[in-house]
Amino acid sequence: MVNRSQKIWVSCGPVAGFLALAAFSANYGWPLTDLLPAYCGLMLAFAAGFVGHTKALRTFMIWREENPGKPDDEGPGVPWILQMAFTLPVFLGGAIWYMNNS
């Protein structure tokens, strides 16, 4: 991330995800410990989805800082989206498989 506000915004993601997981657990009565593999799978999938794309991500975030009102599809390409499209199902599928077999 290229500026302080972007760093703060991105660092709130894991906390917001955990709070959403805790709310889901409380609402549906599932034990939080049974849902933690899905949370871990999601966090690992996001990390693996960005591996090797730091330069492209930095270019995109600089463009985004310079063009705050424009839609994202007008900016530079986002090559990590394809990698993210593969890592999310793989990691979440593994987590769900683990949750069903443990």
# chains A, B, ... in the order shown; residues from 1 in each chain; ligands from 1
>>> select_by_dssp(residues="chain A", states="alpha helix (DSSP H)", output="count of residues only")
78
>>> residues_around(residues="stretch 81-84 of chain A", least_positions_apart="5", cutoff="12 Å", atoms="only C-alpha atoms", output="ChimeraX atom specification")
/A:42-53,56-57,89-92
>>> atom_distance(atom1="atom CA of A:Thr54", atom2="atom CA of A:Val2")
11.4 Å
>>> residues_around(residues="A:Tyr39", least_positions_apart="6", cutoff="10 Å", atoms="only C-alpha atoms", output="MDAnalysis selection string")
chainID A and resid 14 17:18 20:21 45 92 95
>>> residues_around(residues="stretch 71-75 of chain A", least_positions_apart="4", cutoff="10 Å", atoms="only C-alpha atoms", output="PyMOL selection string")
chain A and resi 59-61+63-64+67
>>> write_last_selection(atoms="all heavy atoms", output="PDB file, in the first residue's frame")
ATOM      1  N   THR A  59       1.357  -0.387  -8.563  1.00  0.00           N
ATOM      2  CA  THR A  59       0.958   0.483  -9.675  1.00  0.00           C
ATOM      3  C   THR A  59      -0.528   0.810  -9.588  1.00  0.00           C
ATOM      4  O   THR A  59      -0.935   1.960  -9.759  1.00  0.00           O
ATOM      5  CB  THR A  59       1.265  -0.199 -11.019  1.00  0.00           C
ATOM      6  OG1 THR A  59       2.660  -0.484 -11.080  1.00  0.00           O
ATOM      7  CG2 THR A  59       0.870   0.674 -12.185  1.00  0.00           C
ATOM      8  N   PHE A  60      -1.336  -0.199  -9.301  1.00  0.00           N
ATOM      9  CA  PHE A  60      -2.775   0.004  -9.198  1.00  0.00           C
ATOM     10  C   PHE A  60      -3.124   0.928  -8.027  1.00  0.00           C
ATOM     11  O   PHE A  60      -3.953   1.817  -8.153  1.00  0.00           O
ATOM     12  CB  PHE A  60      -3.486  -1.333  -9.044  1.00  0.00           C
ATOM     13  CG  PHE A  60      -4.968  -1.209  -8.851  1.00  0.00           C
ATOM     14  CD1 PHE A  60      -5.780  -0.848  -9.913  1.00  0.00           C
ATOM     15  CD2 PHE A  60      -5.548  -1.426  -7.624  1.00  0.00           C
ATOM     16  CE1 PHE A  60      -7.141  -0.719  -9.745  1.00  0.00           C
ATOM     17  CE2 PHE A  60      -6.908  -1.306  -7.442  1.00  0.00           C
ATOM     18  CZ  PHE A  60      -7.709  -0.947  -8.509  1.00  0.00           C
ATOM     19  N   MET A  61      -2.461   0.742  -6.876  1.00  0.00           N
ATOM     20  CA  MET A  61      -2.776   1.559  -5.714  1.00  0.00           C
ATOM     21  C   MET A  61      -2.310   3.006  -5.901  1.00  0.00           C
ATOM     22  O   MET A  61      -2.964   3.931  -5.426  1.00  0.00           O
ATOM     23  CB  MET A  61      -2.166   0.951  -4.443  1.00  0.00           C
ATOM     24  CG  MET A  61      -2.771  -0.398  -4.080  1.00  0.00           C
ATOM     25  SD  MET A  61      -4.577  -0.445  -4.068  1.00  0.00           S
ATOM     26  CE  MET A  61      -4.931   0.446  -2.588  1.00  0.00           C
ATOM     27  N   TRP A  63      -2.252   4.504  -8.861  1.00  0.00           N
ATOM     28  CA  TRP A  63      -3.269   5.045  -9.763  1.00  0.00           C
ATOM     29  C   TRP A  63      -4.540   5.383  -8.988  1.00  0.00           C
ATOM     30  O   TRP A  63      -5.159   6.414  -9.211  1.00  0.00           O
ATOM     31  CB  TRP A  63      -3.586   4.024 -10.866  1.00  0.00           C
ATOM     32  CG  TRP A  63      -4.685   4.484 -11.764  1.00  0.00           C
ATOM     33  CD1 TRP A  63      -4.568   5.274 -12.859  1.00  0.00           C
ATOM     34  CD2 TRP A  63      -6.081   4.223 -11.604  1.00  0.00           C
ATOM     35  NE1 TRP A  63      -5.801   5.514 -13.406  1.00  0.00           N
ATOM     36  CE2 TRP A  63      -6.755   4.884 -12.652  1.00  0.00           C
ATOM     37  CE3 TRP A  63      -6.839   3.501 -10.695  1.00  0.00           C
ATOM     38  CZ2 TRP A  63      -8.133   4.833 -12.806  1.00  0.00           C
ATOM     39  CZ3 TRP A  63      -8.205   3.451 -10.846  1.00  0.00           C
ATOM     40  CH2 TRP A  63      -8.840   4.117 -11.889  1.00  0.00           C
ATOM     41  N   ARG A  64      -4.909   4.509  -8.072  1.00  0.00           N
ATOM     42  CA  ARG A  64      -6.124   4.720  -7.287  1.00  0.00           C
ATOM     43  C   ARG A  64      -6.008   5.966  -6.401  1.00  0.00           C
ATOM     44  O   ARG A  64      -6.975   6.689  -6.206  1.00  0.00           O
ATOM     45  CB  ARG A  64      -6.373   3.491  -6.433  1.00  0.00           C
ATOM     46  CG  ARG A  64      -7.728   3.447  -5.881  1.00  0.00           C
ATOM     47  CD  ARG A  64      -8.195   2.034  -5.821  1.00  0.00           C
ATOM     48  NE  ARG A  64      -9.573   2.107  -5.414  1.00  0.00           N
ATOM     49  CZ  ARG A  64     -10.120   1.349  -4.531  1.00  0.00           C
ATOM     50  NH1 ARG A  64      -9.440   0.381  -3.996  1.00  0.00           N
ATOM     51  NH2 ARG A  64     -11.367   1.508  -4.202  1.00  0.00           N
ATOM     52  N   ASN A  67      -6.436   8.985  -8.690  1.00  0.00           N
ATOM     53  CA  ASN A  67      -7.768   9.084  -9.319  1.00  0.00           C
ATOM     54  C   ASN A  67      -8.824   8.564  -8.357  1.00  0.00           C
ATOM     55  O   ASN A  67      -9.390   7.490  -8.570  1.00  0.00           O
ATOM     56  CB  ASN A  67      -7.796   8.259 -10.605  1.00  0.00           C
ATOM     57  CG  ASN A  67      -6.735   8.693 -11.581  1.00  0.00           C
ATOM     58  OD1 ASN A  67      -6.809   9.772 -12.136  1.00  0.00           O
ATOM     59  ND2 ASN A  67      -5.726   7.862 -11.769  1.00  0.00           N
TER      60      ASN A  67
END
>>> atom_distance(atom1="atom CA of A:Pro31", atom2="atom CA of A:Asn100")
13.8 Å
>>> closest_residue(among="A:Leu36, A:Ala22, A:Asn27, A:Trp9", to="A:Met99", atoms="only C-alpha atoms")
A:Leu36
>>> atom_distance(atom1="atom CA of A:Glu66", atom2="atom CA of A:Ala16")
26.5 Å
